[in-house]
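The next block is model07.cif, given as mmCIF, C-alpha atoms and all ligand atoms.
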```cif
data_work
#
loop_
_atom_site.label_atom_id
_atom_site.label_comp_id
_atom_site.auth_asym_id
_atom_site.auth_seq_id
_atom_site.Cartn_x
_atom_site.Cartn_y
_atom_site.Cartn_z
CA MET A 1 -15.90 -25.76 -9.47
CA ASN A 2 -13.81 -25.35 -6.33
CA LYS A 3 -13.85 -22.04 -4.49
CA LEU A 4 -10.31 -21.02 -5.37
CA ALA A 5 -11.13 -21.50 -9.04
CA ALA A 6 -14.53 -19.77 -8.68
CA MET A 7 -12.72 -16.68 -7.32
CA ASN A 8 -10.24 -16.78 -10.22
CA THR A 9 -7.31 -17.36 -7.89
CA PRO A 10 -4.16 -17.38 -10.06
CA ILE A 11 -2.60 -20.80 -10.69
CA PHE A 12 1.20 -20.86 -10.59
CA TRP A 13 3.25 -23.80 -11.80
CA ALA A 14 6.66 -22.37 -12.67
CA GLU A 15 7.96 -25.87 -13.45
CA GLY A 16 4.90 -26.82 -15.54
CA HIS A 17 1.53 -28.21 -14.46
CA PRO A 18 1.91 -31.78 -13.16
CA GLY A 19 -1.36 -33.04 -14.66
CA LYS A 20 -3.67 -35.45 -12.84
CA LEU A 21 -2.32 -36.62 -9.47
CA ASP A 22 -3.41 -39.68 -7.48
CA ARG A 23 -4.62 -38.56 -4.05
CA GLU A 24 -5.33 -42.05 -2.63
CA ASN A 25 -1.83 -43.26 -3.48
CA TRP A 26 0.00 -40.06 -2.51
CA THR A 27 3.10 -40.46 -0.36
CA LEU A 28 5.14 -37.94 1.58
CA ASP A 29 8.78 -38.72 2.42
CA ILE A 30 10.37 -37.03 5.39
CA VAL A 31 14.16 -37.22 5.39
CA GLY A 32 17.17 -35.50 6.92
CA ALA A 33 17.75 -34.36 10.49
CA CYS A 34 15.33 -36.70 12.28
CA ALA A 35 15.65 -39.93 14.23
CA ALA A 36 12.65 -41.58 12.52
CA PRO A 37 12.59 -40.69 8.81
CA GLN A 38 9.34 -41.99 7.35
CA THR A 39 7.20 -42.30 4.27
CA PHE A 40 3.65 -41.26 5.08
CA SER A 41 0.84 -42.64 2.95
CA TRP A 42 -2.30 -40.58 2.29
CA GLN A 43 -4.07 -42.83 4.81
CA ASP A 44 -1.33 -42.20 7.43
CA LEU A 45 -1.83 -38.46 7.00
CA LEU A 46 -5.60 -38.72 7.37
CA LYS A 47 -5.14 -40.60 10.66
CA MET A 48 -3.29 -37.66 12.18
CA GLN A 49 -5.02 -34.90 14.12
CA PRO A 50 -6.36 -32.49 11.48
CA ALA A 51 -6.07 -28.73 11.88
CA THR A 52 -8.11 -25.96 10.27
CA VAL A 53 -6.84 -22.39 10.24
CA GLU A 54 -8.10 -19.19 8.70
CA GLY A 55 -5.55 -17.28 6.75
CA ARG A 56 -4.24 -15.81 3.54
CA LEU A 57 -2.05 -17.01 0.77
CA THR A 58 -0.35 -13.83 -0.42
CA SER A 59 1.81 -13.71 -3.52
CA VAL A 60 4.83 -11.53 -4.12
CA THR A 61 3.07 -10.80 -7.44
CA ARG A 62 0.59 -8.89 -5.25
CA TRP A 63 -2.60 -10.77 -4.74
CA SER A 64 -4.01 -12.36 -1.59
CA VAL A 65 -6.73 -14.97 -1.05
CA PHE A 66 -8.42 -15.66 2.29
CA GLY A 67 -10.12 -18.81 3.47
CA SER A 68 -10.02 -21.76 5.81
CA TRP A 69 -7.24 -24.24 5.16
CA THR A 70 -7.31 -27.78 6.52
CA GLY A 71 -4.53 -30.30 6.83
CA ILE A 72 -2.00 -31.22 9.45
CA ARG A 73 0.27 -28.91 11.38
CA ILE A 74 3.86 -29.08 10.21
CA SER A 75 4.86 -29.12 13.90
CA ASP A 76 2.88 -32.36 14.38
CA ILE A 77 4.60 -34.18 11.56
CA LEU A 78 8.03 -32.98 12.69
CA GLN A 79 7.30 -34.46 16.09
CA LYS A 80 6.32 -37.80 14.49
CA VAL A 81 9.66 -38.13 12.71
CA GLN A 82 11.55 -37.11 15.86
CA MET A 83 13.22 -34.01 14.53
CA GLN A 84 16.75 -33.57 15.82
CA PRO A 85 18.19 -30.37 17.38
CA SER A 86 20.42 -29.88 14.32
CA CYS A 87 17.32 -29.12 12.20
CA ASN A 88 17.16 -25.40 11.44
CA TYR A 89 15.35 -25.30 8.07
CA ILE A 90 12.53 -27.23 6.44
CA ARG A 91 12.81 -27.80 2.70
CA PHE A 92 9.68 -28.65 0.69
CA TRP A 93 9.88 -30.54 -2.59
CA SER A 94 7.02 -30.51 -5.08
CA VAL A 95 6.08 -33.44 -7.31
CA GLY A 96 8.68 -33.88 -10.06
CA LEU A 97 11.41 -32.56 -7.71
CA VAL A 98 12.02 -29.41 -9.76
CA TYR A 99 10.35 -26.87 -7.43
CA ASP A 100 11.67 -26.58 -3.89
CA THR A 101 11.68 -23.93 -1.21
CA SER A 102 12.92 -23.76 2.38
CA ILE A 103 11.72 -21.98 5.50
CA PRO A 104 13.23 -21.48 8.96
CA LEU A 105 12.16 -23.99 11.57
CA GLU A 106 10.60 -21.32 13.79
CA ILE A 107 8.15 -20.43 11.02
CA ALA A 108 7.41 -24.09 10.25
CA LEU A 109 6.48 -24.55 13.92
CA LYS A 110 3.94 -21.71 13.97
CA GLU A 111 0.30 -22.50 14.56
CA LYS A 112 -0.94 -21.74 11.04
CA SER A 113 1.87 -23.48 9.13
CA LEU A 114 0.19 -26.50 7.55
CA LEU A 115 0.50 -29.28 5.08
CA ALA A 116 -2.92 -28.53 3.66
CA TRP A 117 -5.27 -30.72 1.67
CA ALA A 118 -8.44 -28.59 1.70
CA PHE A 119 -9.56 -25.00 1.19
CA ASP A 120 -12.99 -24.02 2.55
CA ASP A 121 -13.77 -27.72 3.18
CA GLU A 122 -13.06 -28.89 -0.38
CA TYR A 123 -10.06 -30.97 -1.35
CA LEU A 124 -7.43 -29.00 -3.22
CA SER A 125 -7.38 -29.73 -6.94
CA GLU A 126 -4.13 -30.27 -8.79
CA ASP A 127 -4.27 -26.67 -10.02
CA TYR A 128 -4.02 -25.42 -6.43
CA GLY A 129 -1.46 -27.91 -5.12
CA GLY A 130 -3.50 -30.94 -4.20
CA PRO A 131 -3.29 -33.55 -2.83
CA LEU A 132 -1.01 -31.85 -0.27
CA ARG A 133 0.58 -28.40 -0.23
CA GLY A 134 2.38 -26.13 2.14
CA PHE A 135 0.33 -23.29 3.61
CA ILE A 136 2.65 -20.75 5.19
CA PRO A 137 0.62 -17.54 5.62
CA TYR A 138 3.51 -15.71 7.33
CA LEU A 139 5.62 -15.46 4.16
CA TRP A 140 5.17 -14.73 0.45
CA GLY A 141 3.34 -17.48 -1.37
CA TYR A 142 6.41 -18.94 -3.07
CA LYS A 143 7.22 -20.60 0.26
CA SER A 144 3.87 -22.49 0.10
CA ALA A 145 5.09 -25.28 -2.20
CA LYS A 146 2.35 -27.18 -3.99
CA SER A 147 1.83 -30.94 -4.37
CA ILE A 148 4.53 -31.82 -1.86
CA VAL A 149 6.16 -35.27 -2.07
CA LYS A 150 9.18 -34.75 0.14
CA ILE A 151 10.29 -32.71 3.13
CA GLU A 152 13.95 -32.41 4.04
CA LEU A 153 15.02 -31.41 7.54
CA MET A 154 18.21 -29.42 7.16
CA GLU A 155 20.89 -27.81 9.26
CA HIS A 156 21.80 -25.15 6.67
CA TYR A 157 19.64 -23.07 4.35
CA ILE A 158 19.56 -23.79 0.60
CA PRO A 159 17.88 -21.30 -1.79
CA GLY A 160 14.98 -22.84 -3.72
CA PHE A 161 13.49 -22.49 -7.19
CA TRP A 162 12.39 -18.85 -6.92
CA GLU A 163 15.07 -17.82 -4.45
CA MET A 164 17.71 -18.79 -7.03
CA ARG A 165 15.85 -16.61 -9.54
CA GLY A 166 15.88 -13.45 -7.46
CA TYR A 167 13.09 -13.65 -4.88
CA THR A 168 14.29 -13.05 -1.33
CA ASP A 169 15.33 -15.95 0.89
CA SER A 170 13.38 -14.52 3.84
CA ALA A 171 10.17 -13.98 1.80
CA GLU A 172 9.06 -11.42 4.36
CA ILE A 173 5.78 -9.87 3.22
CA GLU A 174 6.29 -6.25 2.19
CA ALA A 175 3.75 -3.43 2.43
CA GLY A 176 2.20 -2.15 -0.78
CA PRO A 177 -0.61 -2.68 -3.28
CA CYS A 178 -2.29 -6.08 -3.35
CA ARG A 179 -5.29 -7.48 -5.21
CA ASP A 180 -8.03 -8.91 -2.98
CA ILE A 181 -9.02 -12.17 -4.68
CA ASN A 182 -12.06 -12.57 -2.40
CA ASP A 183 -13.29 -9.18 -3.65
CA GLY A 184 -13.01 -9.72 -7.38
CA GLY A 185 -9.32 -8.83 -7.53
CA LYS A 186 -9.88 -5.27 -6.34
CA LEU A 187 -6.65 -3.37 -5.79
CA LYS A 188 -6.09 -2.57 -2.09
CA GLN A 189 -3.11 -2.13 0.26
CA ILE A 190 -1.45 -4.48 2.72
CA ALA A 191 0.85 -3.84 5.65
CA GLY A 192 4.14 -5.68 5.67
CA GLY A 193 6.26 -7.53 8.20
CA ASP A 194 3.90 -10.33 9.17
CA GLU A 195 1.02 -12.50 8.07
CA VAL A 196 -1.48 -10.40 6.09
CA LYS A 197 -4.40 -9.89 8.48
CA GLY A 198 -6.49 -7.79 6.12
CA PHE A 199 -6.32 -4.67 3.99
CA ILE A 200 -5.43 -1.15 5.11
N1 LIG B 1 5.32 -26.54 -7.16
C1 LIG B 1 5.06 -25.23 -7.15
N2 LIG B 1 4.62 -24.68 -6.00
C2 LIG B 1 4.35 -23.35 -5.96
C3 LIG B 1 4.56 -22.53 -7.09
C4 LIG B 1 5.03 -23.15 -8.27
O1 LIG B 1 5.24 -22.50 -9.30
N3 LIG B 1 5.25 -24.50 -8.27
N4 LIG B 1 4.30 -21.18 -7.03
C5 LIG B 1 4.31 -20.57 -5.68
C6 LIG B 1 3.80 -19.22 -5.68
S1 LIG B 1 4.84 -18.01 -6.29
C7 LIG B 1 2.59 -18.90 -5.15
S2 LIG B 1 2.08 -17.30 -4.95
C8 LIG B 1 1.64 -19.96 -4.76
C9 LIG B 1 0.37 -19.81 -5.59
O2 LIG B 1 -0.52 -20.83 -5.27
P1 LIG B 1 -1.72 -21.16 -6.27
O3 LIG B 1 -1.11 -21.49 -7.60
O4 LIG B 1 -2.42 -22.31 -5.62
O5 LIG B 1 -2.57 -19.93 -6.34
O6 LIG B 1 2.16 -21.27 -4.97
C10 LIG B 1 3.53 -21.42 -4.69
N5 LIG B 1 3.88 -22.82 -4.80
MO MO B 2 3.76 -15.96 -5.80
#
```
Output the file's structure as structure tokens, nothing else.
Amino acid sequence: MNKLAAMNTPIFWAEGHPGKLDRENWTLDIVGACAAPQTFSWQDLLKMQPATVEGRLTSVTRWSVFGSWTGIRISDILQKVQMQPSCNYIRFWSVGLVYDTSIPLEIALKEKSLLAWAFDDEYLSEDYGGPLRGFIPYLWGYKSAKSIVKIELMEHYIPGFWEMRGYTDSAEIEAGPCRDINDGGKLKQIAGGDEVKGFI
């Protein structure tokens, strides 16, 4: 069992679970405001410089899980497709193209913003957004789209799946109670305003 599952990390698929996904034949399309739009194969992604960061996925439904996340920096892939100055927002599309969410470019460019394929050195299962998911620790978890097949570089913001259903567009993490998944789901408190660094 993978570590996320072993810790009973909740599994969210608002659009329905996608079932078994083919990692070796996964492709990621990057379109929109870039000079070199491209379809990356799984092998293309593995050839890029990998990055591992420690951080938390924190849900607006008030739980947070900590670990090491490995993948590629979103900033690296944006450089590869030659992002244009008109790009202000990055829109992620999950497999099936029902779930989408967008984040400001400045957050996409941060050091810990990844397209992640592993948690604590194990490939992500379908349940947790494998083969490739967003990991954006700076914002509520609904911005960390799972099983990403397409990224759109946009000039203007478009509200996504949850944003159209009432979650905030900014997804700024707010102070309050939060279950610590690494500690058996114990109820603790988090500070707001930034990446969750720990409990208070
Ligand atoms: N495709 C897709 N991505 C998604 C979601 C979803 O429902 N569908 N839920 C989001 C929310 S609200 C959270 S908190 C995290 C949860 O990630 P997990 O299911 O791997 O724990 O995934 C995000 N990405
Ligand atoms: Mo969430």
Could you check the closest approach to A:Leu21 for each of A:Phe199, A:Tyr89, A:Phe66, A:Tyr128 and tell me which residue wins, using all atoms listed in the file?
A:Tyr128
Could you list, as a ChimeraX atom specification, all the residues within 12 Å of ligand MO 2 (chain B), counting all atoms listed in the file?
/A:9-14,57-65,137,139-146,161-163,167-168,171,173,178
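Nearest to A:Gln84 of all the residues A:Pro50, A:Gly134, A:Gly96, A:Gly32 is A:Gly32, based on all atoms listed in the file.
Atom to atom, atom O4 of ligand LIG 1 (chain B) and atom CA of A:Asp127 stand 6.5 Å apart.
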Go ahead and compute the interatomic distance for atom CA of A:Tyr99 and atom CA of A:Gly166, in Å to one decimal.
14.5 Å
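Our summary of the geometry notes that atom CA of A:Asn88 is positioned 7.5 Å from atom CA of A:Leu153.
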Could you give me the axis-aligned bounding box of ligand LIG 1 (chain B), with 6 Å of padding per side, as centre plus edge lengths in Å to one decimal, as AutoDock Vina command-line options?
```
--center_x 1.4 --center_y -21.9 --center_z -7.0 --size_x 19.9 --size_y 21.2 --size_z 16.6
```
Please check which residues have atoms at most 12 Å from (0.9, -21.2, 15.8) in the file's coordinates, counting all atoms listed in the file, and write them as number ranges by chain.
A: 51-55, 73-76, 106-114, 136-138, 195
Would you export the selected residues with C-alpha atoms as a PDB file, in the coordinates of the input, please?
```pdb
ATOM      1  CA  ALA A  51      -6.070 -28.730  11.880  1.00  0.00           C
ATOM      2  CA  THR A  52      -8.110 -25.960  10.270  1.00  0.00           C
ATOM      3  CA  VAL A  53      -6.840 -22.390  10.240  1.00  0.00           C
ATOM      4  CA  GLU A  54      -8.100 -19.190   8.700  1.00  0.00           C
ATOM      5  CA  GLY A  55      -5.550 -17.280   6.750  1.00  0.00           C
ATOM      6  CA  ARG A  73       0.270 -28.910  11.380  1.00  0.00           C
ATOM      7  CA  ILE A  74       3.860 -29.080  10.210  1.00  0.00           C
ATOM      8  CA  SER A  75       4.860 -29.120  13.900  1.00  0.00           C
ATOM      9  CA  ASP A  76       2.880 -32.360  14.380  1.00  0.00           C
ATOM     10  CA  GLU A 106      10.600 -21.320  13.790  1.00  0.00           C
ATOM     11  CA  ILE A 107       8.150 -20.430  11.020  1.00  0.00           C
ATOM     12  CA  ALA A 108       7.410 -24.090  10.250  1.00  0.00           C
ATOM     13  CA  LEU A 109       6.480 -24.550  13.920  1.00  0.00           C
ATOM     14  CA  LYS A 110       3.940 -21.710  13.970  1.00  0.00           C
ATOM     15  CA  GLU A 111       0.300 -22.500  14.560  1.00  0.00           C
ATOM     16  CA  LYS A 112      -0.940 -21.740  11.040  1.00  0.00           C
ATOM     17  CA  SER A 113       1.870 -23.480   9.130  1.00  0.00           C
ATOM     18  CA  LEU A 114       0.190 -26.500   7.550  1.00  0.00           C
ATOM     19  CA  ILE A 136       2.650 -20.750   5.190  1.00  0.00           C
ATOM     20  CA  PRO A 137       0.620 -17.540   5.620  1.00  0.00           C
ATOM     21  CA  TYR A 138       3.510 -15.710   7.330  1.00  0.00           C
ATOM     22  CA  GLU A 195       1.020 -12.500   8.070  1.00  0.00           C
TER      23      GLU A 195
END
```
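Near A:Asp121, within a cut-off of 10 Å and counting all atoms listed in the file, sit the residues Asn2, Lys3, Thr52, Gly67, Ser68, Trp69, Thr70, Trp117, Ala118, Phe119, Tyr123 and Leu124 of chain A, with same-chain residues fewer than 2 positions away left out.
Taking all atoms listed in the file into account, ligand LIG 1 (chain B) lies nearest to A:Gly129 out of the set A:Pro177, A:Gly19, A:Pro104, A:Gly129.
Distance annotation: of A:Asp194, A:Ile72, A:Ile103, A:Thr27, the residue with the minimal separation from A:Leu115 is A:Ile72; atom set is all atoms listed in the file.
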Can you rebuild stretch 168-186 of chain A with N, CA and C atoms and give it as a compact mmCIF listing (two decimals), keeping the file's coordinate frame?
```txt
# COMPACT_ATOMS: atom_id res chain seq x y z
N THR A 168 13.50 -13.05 -2.57
CA THR A 168 14.29 -13.05 -1.33
C THR A 168 14.22 -14.40 -0.62
N ASP A 169 15.29 -14.72 0.10
CA ASP A 169 15.33 -15.95 0.89
C ASP A 169 14.36 -15.86 2.07
N SER A 170 14.23 -14.66 2.65
CA SER A 170 13.38 -14.52 3.84
C SER A 170 11.90 -14.53 3.46
N ALA A 171 11.56 -14.05 2.27
CA ALA A 171 10.17 -13.98 1.80
C ALA A 171 9.26 -13.20 2.74
N GLU A 172 9.86 -12.26 3.46
CA GLU A 172 9.06 -11.42 4.36
C GLU A 172 8.08 -10.59 3.53
N ILE A 173 6.83 -10.60 3.94
CA ILE A 173 5.78 -9.87 3.22
C ILE A 173 6.03 -8.37 3.36
N GLU A 174 6.01 -7.68 2.21
CA GLU A 174 6.29 -6.25 2.19
C GLU A 174 5.03 -5.45 1.91
N ALA A 175 4.91 -4.32 2.61
CA ALA A 175 3.75 -3.43 2.43
C ALA A 175 3.63 -2.96 0.99
N GLY A 176 2.39 -2.69 0.56
CA GLY A 176 2.20 -2.15 -0.78
C GLY A 176 0.86 -2.56 -1.35
N PRO A 177 0.66 -2.33 -2.65
CA PRO A 177 -0.61 -2.68 -3.28
C PRO A 177 -0.78 -4.20 -3.33
N CYS A 178 -2.02 -4.64 -3.32
CA CYS A 178 -2.29 -6.08 -3.35
C CYS A 178 -3.73 -6.30 -3.80
N ARG A 179 -3.94 -7.20 -4.73
CA ARG A 179 -5.29 -7.48 -5.21
C ARG A 179 -6.00 -8.44 -4.25
N ASP A 180 -7.22 -8.09 -3.89
CA ASP A 180 -8.03 -8.91 -2.98
C ASP A 180 -8.84 -9.91 -3.82
N ILE A 181 -8.38 -11.14 -3.85
CA ILE A 181 -9.02 -12.17 -4.68
C ILE A 181 -10.46 -12.44 -4.23
N ASN A 182 -10.70 -12.34 -2.91
CA ASN A 182 -12.06 -12.57 -2.40
C ASN A 182 -13.02 -11.45 -2.79
N ASP A 183 -12.49 -10.34 -3.27
CA ASP A 183 -13.29 -9.18 -3.65
C ASP A 183 -13.06 -8.86 -5.12
N GLY A 184 -13.09 -9.91 -5.93
CA GLY A 184 -13.01 -9.72 -7.38
C GLY A 184 -11.68 -9.19 -7.89
N GLY A 185 -10.64 -9.29 -7.08
CA GLY A 185 -9.32 -8.83 -7.53
C GLY A 185 -9.12 -7.34 -7.38
N LYS A 186 -9.97 -6.72 -6.56
CA LYS A 186 -9.88 -5.27 -6.34
C LYS A 186 -8.52 -4.89 -5.75
```
